[in-house]
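Structure, as structure tokens:
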Amino acid sequence: METHLRWTGRAGRLTRLLVATLGGLTLALGITGGAHADPTPGEIEKQIDDKWNTIEPVIEQHNQLKAELAANKTKQKQLEDQIAPLRAQVDAAFDKVSAFAVLQYKNGRVSKLDAMLTTGSPDTFIDQMTLLNMVAKDEQARIKDVLDAKQQYDAQKGPLDELIAKQAEQEAALAKQQTQIEGDIKNLQDMRLKAYGSGTGTGSLKPVACPQQYDGSPGSKAAQIGCQQIGKKYVWATEGPNTFDCSGLTMYSWKQVGVTYLRHYTMWQYQDTKRVARADLRAGDLVFFYPDKHHVGLYVGSGWMVHAPNPSEPVQMKKIDSEPISGYGRVA
């Protein structure tokens, strides 16, 4: 009985020690490795920037290959147009040879006919005919001239066909790579908006994440810079960094990413940009308002813009449909 009590007491102490040890280990794990903070919007934007730096060279290679492929296909079509008359001459020449071959067969000259029909190519074919003296010499010359011309065509077209096939494969591979990276960017963009949340911002000036679209491109970076100016005062004829008017804000935002040709006047900026449709809008595009285009905003995605409205209001976000739109412009 006494032995049993001693063992029971010892087991209890061991149990309490084990529980305490495990509890401490669990707490330590919770502190050091168990907790994992979600990435911040800034961290996600850094990942998007890295992805963009990967995709931009791919896009440029894709553009170059598409241009080269189009040029080579045009050249291929020109060569095919050039060969069309030669094809007709070759067909006519061999029609004559075929007729002559039938005549030879009817006359019983089978051995020579067999020799002619068992040749492997047009080149050996004409050589064989020459050797056997089966065709008049002027006919031989005409056929040979046509075959020589076709050989010259084939010498040009063969390598071009190979190049076009190779470029087509490269173009398809780049298109696949571009699609993959764009998918990665879209996933990061979804994470980014989730990280911002619907309530993050500076009240009515920035009710949602700004920019709404971000893919690391120059346009989205210009939009991001425009968003960073939210809350700053409107002052007529200024272009930053502390105060802005409407065209001064768009000019400043794009200037920070290396675009220096936008001029400080809304109508000039309309002239300085390329027209795009509303359905094709992307972050960084300019949105112009009123028939005389006296106001401009910087598109930031999902129907939102950032703009410098007037002296009584600071730089802020606003839905583009809140004012009468008169056009859209893309900075090239």
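Residues in the structure tokens are named by chain (A, B, ... in the order shown) and by number from 1 within that chain; ligands are numbered from 1 in the order shown.
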With 7 Å as the cut-off and only C-alpha atoms counted, what is the closest atom pair between each nearby residue of range 209-256 of chain A and range 275-286 of chain A? Distances in Å to one decimal, ordered by chain and number, as a tab-separated table.
```
residue	atom	partner	partner_atom	distance
A:Gln213	CA	A:Ala283	CA	6.0
A:Gly219	CA	A:Gly284	CA	4.0
A:Ser220	CA	A:Ala283	CA	4.9
A:Ala222	CA	A:Gly284	CA	5.7
A:Ala223	CA	A:Gly284	CA	4.9
```
Could you please take those selected residues and save C-alpha atoms as a compact mmCIF listing (two decimals), in the first residue's frame?
```txt
# COMPACT_ATOMS: atom_id res chain seq x y z
CA GLN A 213 -5.31 48.69 -59.91
CA GLY A 219 0.97 53.72 -65.43
CA SER A 220 0.15 52.08 -62.10
CA ALA A 222 2.11 57.11 -61.79
CA ALA A 223 -1.32 56.39 -60.29
```
Item checked: Polymer residues at most 6 Å from Gly303 in chain A, only C-alpha atoms, same-chain spacing of 2 or more positions, as number ranges by chain -> A: 301, 319-320
Can I get the selection written as a compact mmCIF listing (two decimals), in the first residue's frame, with C-alpha atoms?
```txt
# COMPACT_ATOMS: atom_id res chain seq x y z
CA GLY A 301 -8.88 51.72 -61.51
CA LYS A 319 -15.70 58.38 -59.20
CA ILE A 320 -15.08 59.41 -62.80
```
Next item on the list: Show which residues sit within 9 Å of Met191 in chain A, as a PyMOL selection string. Count only C-alpha atoms, and ignore same-chain residues fewer than 4 positions away.
Entry: chain A and resi 39+41+44+186-187+195-196
Please produce an output containing all heavy atoms for each residue in the selection, written as a PDB file, in the first residue's frame.
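Saved to selection_14.pdb:
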```pdb
ATOM      1  N   PRO A  39       1.058  39.599 -45.204  1.00  0.00           N
ATOM      2  CA  PRO A  39       1.865  40.686 -45.785  1.00  0.00           C
ATOM      3  C   PRO A  39       1.083  41.986 -45.849  1.00  0.00           C
ATOM      4  O   PRO A  39      -0.137  41.994 -46.044  1.00  0.00           O
ATOM      5  CB  PRO A  39       2.188  40.159 -47.193  1.00  0.00           C
ATOM      6  CG  PRO A  39       1.134  39.131 -47.479  1.00  0.00           C
ATOM      7  CD  PRO A  39       0.795  38.521 -46.158  1.00  0.00           C
ATOM      8  N   PRO A  41       0.085  45.774 -47.495  1.00  0.00           N
ATOM      9  CA  PRO A  41      -0.064  46.231 -48.886  1.00  0.00           C
ATOM     10  C   PRO A  41       1.259  46.632 -49.522  1.00  0.00           C
ATOM     11  O   PRO A  41       1.509  46.330 -50.686  1.00  0.00           O
ATOM     12  CB  PRO A  41      -1.003  47.429 -48.752  1.00  0.00           C
ATOM     13  CG  PRO A  41      -1.812  47.137 -47.531  1.00  0.00           C
ATOM     14  CD  PRO A  41      -0.862  46.443 -46.592  1.00  0.00           C
ATOM     15  N   ILE A  44       3.189  43.566 -50.548  1.00  0.00           N
ATOM     16  CA  ILE A  44       2.602  42.960 -51.743  1.00  0.00           C
ATOM     17  C   ILE A  44       2.942  43.793 -52.976  1.00  0.00           C
ATOM     18  O   ILE A  44       3.248  43.253 -54.051  1.00  0.00           O
ATOM     19  CB  ILE A  44       1.082  42.811 -51.588  1.00  0.00           C
ATOM     20  CG1 ILE A  44       0.769  41.861 -50.417  1.00  0.00           C
ATOM     21  CG2 ILE A  44       0.451  42.278 -52.873  1.00  0.00           C
ATOM     22  CD1 ILE A  44      -0.697  41.764 -50.073  1.00  0.00           C
ATOM     23  N   LYS A 186      -2.229  39.296 -61.102  1.00  0.00           N
ATOM     24  CA  LYS A 186      -3.642  39.428 -60.730  1.00  0.00           C
ATOM     25  C   LYS A 186      -3.889  38.842 -59.338  1.00  0.00           C
ATOM     26  O   LYS A 186      -4.611  39.436 -58.516  1.00  0.00           O
ATOM     27  CB  LYS A 186      -4.527  38.726 -61.754  1.00  0.00           C
ATOM     28  CG  LYS A 186      -6.023  38.873 -61.450  1.00  0.00           C
ATOM     29  CD  LYS A 186      -6.874  38.127 -62.439  1.00  0.00           C
ATOM     30  CE  LYS A 186      -8.350  38.340 -62.113  1.00  0.00           C
ATOM     31  NZ  LYS A 186      -8.722  37.926 -60.743  1.00  0.00           N
ATOM     32  N   ASN A 187      -3.279  37.690 -59.052  1.00  0.00           N
ATOM     33  CA  ASN A 187      -3.440  37.101 -57.719  1.00  0.00           C
ATOM     34  C   ASN A 187      -2.878  38.019 -56.639  1.00  0.00           C
ATOM     35  O   ASN A 187      -3.483  38.187 -55.569  1.00  0.00           O
ATOM     36  CB  ASN A 187      -2.735  35.744 -57.668  1.00  0.00           C
ATOM     37  CG  ASN A 187      -3.416  34.704 -58.544  1.00  0.00           C
ATOM     38  OD1 ASN A 187      -4.600  34.815 -58.844  1.00  0.00           O
ATOM     39  ND2 ASN A 187      -2.674  33.689 -58.961  1.00  0.00           N
ATOM     40  N   ALA A 195      -5.773  43.128 -48.412  1.00  0.00           N
ATOM     41  CA  ALA A 195      -4.945  43.644 -47.316  1.00  0.00           C
ATOM     42  C   ALA A 195      -5.338  45.077 -46.960  1.00  0.00           C
ATOM     43  O   ALA A 195      -5.330  45.458 -45.792  1.00  0.00           O
ATOM     44  CB  ALA A 195      -3.471  43.578 -47.702  1.00  0.00           C
ATOM     45  N   TYR A 196      -5.677  45.865 -47.973  1.00  0.00           N
ATOM     46  CA  TYR A 196      -6.117  47.232 -47.695  1.00  0.00           C
ATOM     47  C   TYR A 196      -7.447  47.233 -46.951  1.00  0.00           C
ATOM     48  O   TYR A 196      -7.661  48.015 -46.034  1.00  0.00           O
ATOM     49  CB  TYR A 196      -6.275  48.021 -49.003  1.00  0.00           C
ATOM     50  CG  TYR A 196      -5.026  48.749 -49.446  1.00  0.00           C
ATOM     51  CD1 TYR A 196      -4.369  48.388 -50.612  1.00  0.00           C
ATOM     52  CD2 TYR A 196      -4.513  49.794 -48.690  1.00  0.00           C
ATOM     53  CE1 TYR A 196      -3.220  49.055 -51.027  1.00  0.00           C
ATOM     54  CE2 TYR A 196      -3.372  50.471 -49.093  1.00  0.00           C
ATOM     55  CZ  TYR A 196      -2.730  50.098 -50.259  1.00  0.00           C
ATOM     56  OH  TYR A 196      -1.604  50.761 -50.663  1.00  0.00           O
TER      57      TYR A 196
END
```
Notebook entry, point to check: A:Tyr299, A:Trp52, A:Trp304, A:Tyr265: which is nearest Leu205 in chain A, counting only C-alpha atoms?
Noted result: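 Closest to Leu205 in chain A, using only C-alpha atoms: A:Trp304.
When only C-alpha atoms are used to measure the gap to Gln170 in chain A, the shortest distance among A:Ile325, A:Ala308, A:Ile225, A:Leu65 belongs to A:Leu65.
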Margin query: Between A:Gln228, A:Asn72, A:Gln271, A:Gln167, which residue has the minimum interatomic distance to Met317 in chain A, considering only C-alpha atoms?
Written below: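 With only C-alpha atoms as the atom set, the closest residue is A:Gln228.
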Item checked: Sel. of strand (DSSP E or B) residues, range 207-317 of chain A, as number ranges by chain -> A: 233-234, 239, 243-244, 274-275, 286-289, 295-301, 304-307, 310, 313, 316-317
Can you write out the residues you just picked, keeping N, CA, C and O atoms, as a CSV table (one decimal), in the first residue's frame?
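What ended up in again37.csv:
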```csv
chain,number,residue,atom,x,y,z
A,233,LYS,N,-3.1,70.6,-50.9
A,233,LYS,CA,-4.0,71.7,-51.3
A,233,LYS,C,-3.9,71.9,-52.8
A,233,LYS,O,-2.9,71.6,-53.5
A,234,TYR,N,-5.1,72.4,-53.3
A,234,TYR,CA,-5.2,72.9,-54.7
A,234,TYR,C,-4.7,74.3,-54.7
A,234,TYR,O,-5.2,75.2,-54.0
A,239,GLU,N,2.4,72.7,-59.8
A,239,GLU,CA,2.6,71.3,-60.2
A,239,GLU,C,3.4,70.5,-59.2
A,239,GLU,O,4.3,69.7,-59.6
A,243,THR,N,1.7,71.6,-53.6
A,243,THR,CA,0.4,72.0,-54.0
A,243,THR,C,0.2,71.7,-55.5
A,243,THR,O,1.2,71.6,-56.2
A,244,PHE,N,-1.0,71.6,-56.0
A,244,PHE,CA,-1.3,71.2,-57.3
A,244,PHE,C,-2.6,71.9,-57.9
A,244,PHE,O,-3.5,72.1,-57.1
A,274,LYS,N,-2.7,59.5,-76.3
A,274,LYS,CA,-3.3,58.7,-77.3
A,274,LYS,C,-4.7,58.4,-76.8
A,274,LYS,O,-5.0,58.0,-75.7
A,275,ARG,N,-5.7,58.4,-77.8
A,275,ARG,CA,-7.1,58.1,-77.4
A,275,ARG,C,-7.3,56.6,-77.1
A,275,ARG,O,-6.8,55.8,-77.8
A,286,LEU,N,-5.4,59.2,-68.4
A,286,LEU,CA,-6.0,60.5,-68.0
A,286,LEU,C,-7.4,60.5,-68.5
A,286,LEU,O,-7.8,60.0,-69.5
A,287,VAL,N,-8.3,61.1,-67.6
A,287,VAL,CA,-9.7,61.3,-67.9
A,287,VAL,C,-10.0,62.8,-68.0
A,287,VAL,O,-9.7,63.5,-67.0
A,288,PHE,N,-10.6,63.2,-69.1
A,288,PHE,CA,-10.9,64.6,-69.4
A,288,PHE,C,-12.4,64.9,-69.2
A,288,PHE,O,-13.2,64.0,-69.6
A,289,PHE,N,-12.7,66.1,-68.7
A,289,PHE,CA,-14.1,66.4,-68.4
A,289,PHE,C,-14.5,67.7,-69.1
A,289,PHE,O,-13.7,68.6,-69.3
A,295,HIS,N,-10.9,70.2,-67.3
A,295,HIS,CA,-10.5,69.4,-66.0
A,295,HIS,C,-10.0,68.1,-66.4
A,295,HIS,O,-10.5,67.5,-67.4
A,296,VAL,N,-9.0,67.6,-65.7
A,296,VAL,CA,-8.5,66.3,-65.9
A,296,VAL,C,-8.2,65.6,-64.6
A,296,VAL,O,-7.8,66.2,-63.6
A,297,GLY,N,-8.3,64.2,-64.6
A,297,GLY,CA,-8.0,63.4,-63.5
A,297,GLY,C,-7.2,62.2,-63.9
A,297,GLY,O,-7.0,61.9,-65.1
A,298,LEU,N,-6.5,61.6,-62.9
A,298,LEU,CA,-5.7,60.4,-63.1
A,298,LEU,C,-6.4,59.2,-62.7
A,298,LEU,O,-6.8,59.0,-61.6
A,299,TYR,N,-6.7,58.3,-63.7
A,299,TYR,CA,-7.4,57.1,-63.4
A,299,TYR,C,-6.6,56.1,-62.6
A,299,TYR,O,-5.4,55.9,-62.8
A,300,VAL,N,-7.3,55.6,-61.5
A,300,VAL,CA,-6.6,54.7,-60.6
A,300,VAL,C,-7.3,53.3,-60.6
A,300,VAL,O,-6.9,52.4,-59.8
A,301,GLY,N,-8.3,53.0,-61.4
A,301,GLY,CA,-8.9,51.7,-61.5
A,301,GLY,C,-10.3,51.6,-60.9
A,301,GLY,O,-10.6,52.5,-60.0
A,304,TRP,N,-12.5,54.7,-60.4
A,304,TRP,CA,-12.0,55.8,-59.6
A,304,TRP,C,-10.9,56.6,-60.2
A,304,TRP,O,-10.2,56.1,-61.0
A,305,MET,N,-10.8,57.9,-59.8
A,305,MET,CA,-9.7,58.7,-60.2
A,305,MET,C,-9.2,59.4,-59.0
A,305,MET,O,-9.8,59.5,-58.0
A,306,VAL,N,-8.0,60.0,-59.1
A,306,VAL,CA,-7.5,60.9,-58.1
A,306,VAL,C,-7.3,62.2,-58.9
A,306,VAL,O,-6.8,62.2,-60.0
A,307,HIS,N,-7.7,63.3,-58.3
A,307,HIS,CA,-7.7,64.6,-59.0
A,307,HIS,C,-7.5,65.8,-58.0
A,307,HIS,O,-7.8,65.6,-56.8
A,310,ASN,N,-10.5,71.8,-56.9
A,310,ASN,CA,-10.6,73.2,-56.9
A,310,ASN,C,-10.0,73.8,-55.6
A,310,ASN,O,-9.7,73.1,-54.7
A,313,GLU,N,-11.2,72.5,-52.1
A,313,GLU,CA,-11.0,71.1,-51.8
A,313,GLU,C,-9.6,70.6,-52.1
A,313,GLU,O,-9.0,71.0,-53.1
A,316,GLN,N,-8.0,64.5,-54.0
A,316,GLN,CA,-8.8,63.4,-53.4
A,316,GLN,C,-9.2,62.4,-54.5
A,316,GLN,O,-9.0,62.6,-55.7
A,317,MET,N,-9.8,61.3,-54.0
A,317,MET,CA,-10.4,60.3,-55.0
A,317,MET,C,-11.8,60.7,-55.3
A,317,MET,O,-12.5,61.3,-54.5
```
Note to self: Just list as a VMD selection string whatever in range 208-288 of chain A DSSP marks as helix (DSSP H, G or I).
What the structure shows: chain A and resid 218 to 228 246 to 255 266 to 272 278 to 280
Checklist line | Atom-to-atom span, CA of Cys227 in chain A and CA of Thr54 in chain A, Å | finding: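 If I compute the distance from CA of Cys227 in chain A to CA of Thr54 in chain A, I get 24.7 Å.
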Margin query: Residues near Leu174 in chain A, anyone? I mean within 8 Å using only C-alpha atoms, not counting same-chain ones fewer than 5 positions away, as JSON, numbers by chain.
Written below: {"A": [58, 59, 61, 62]}
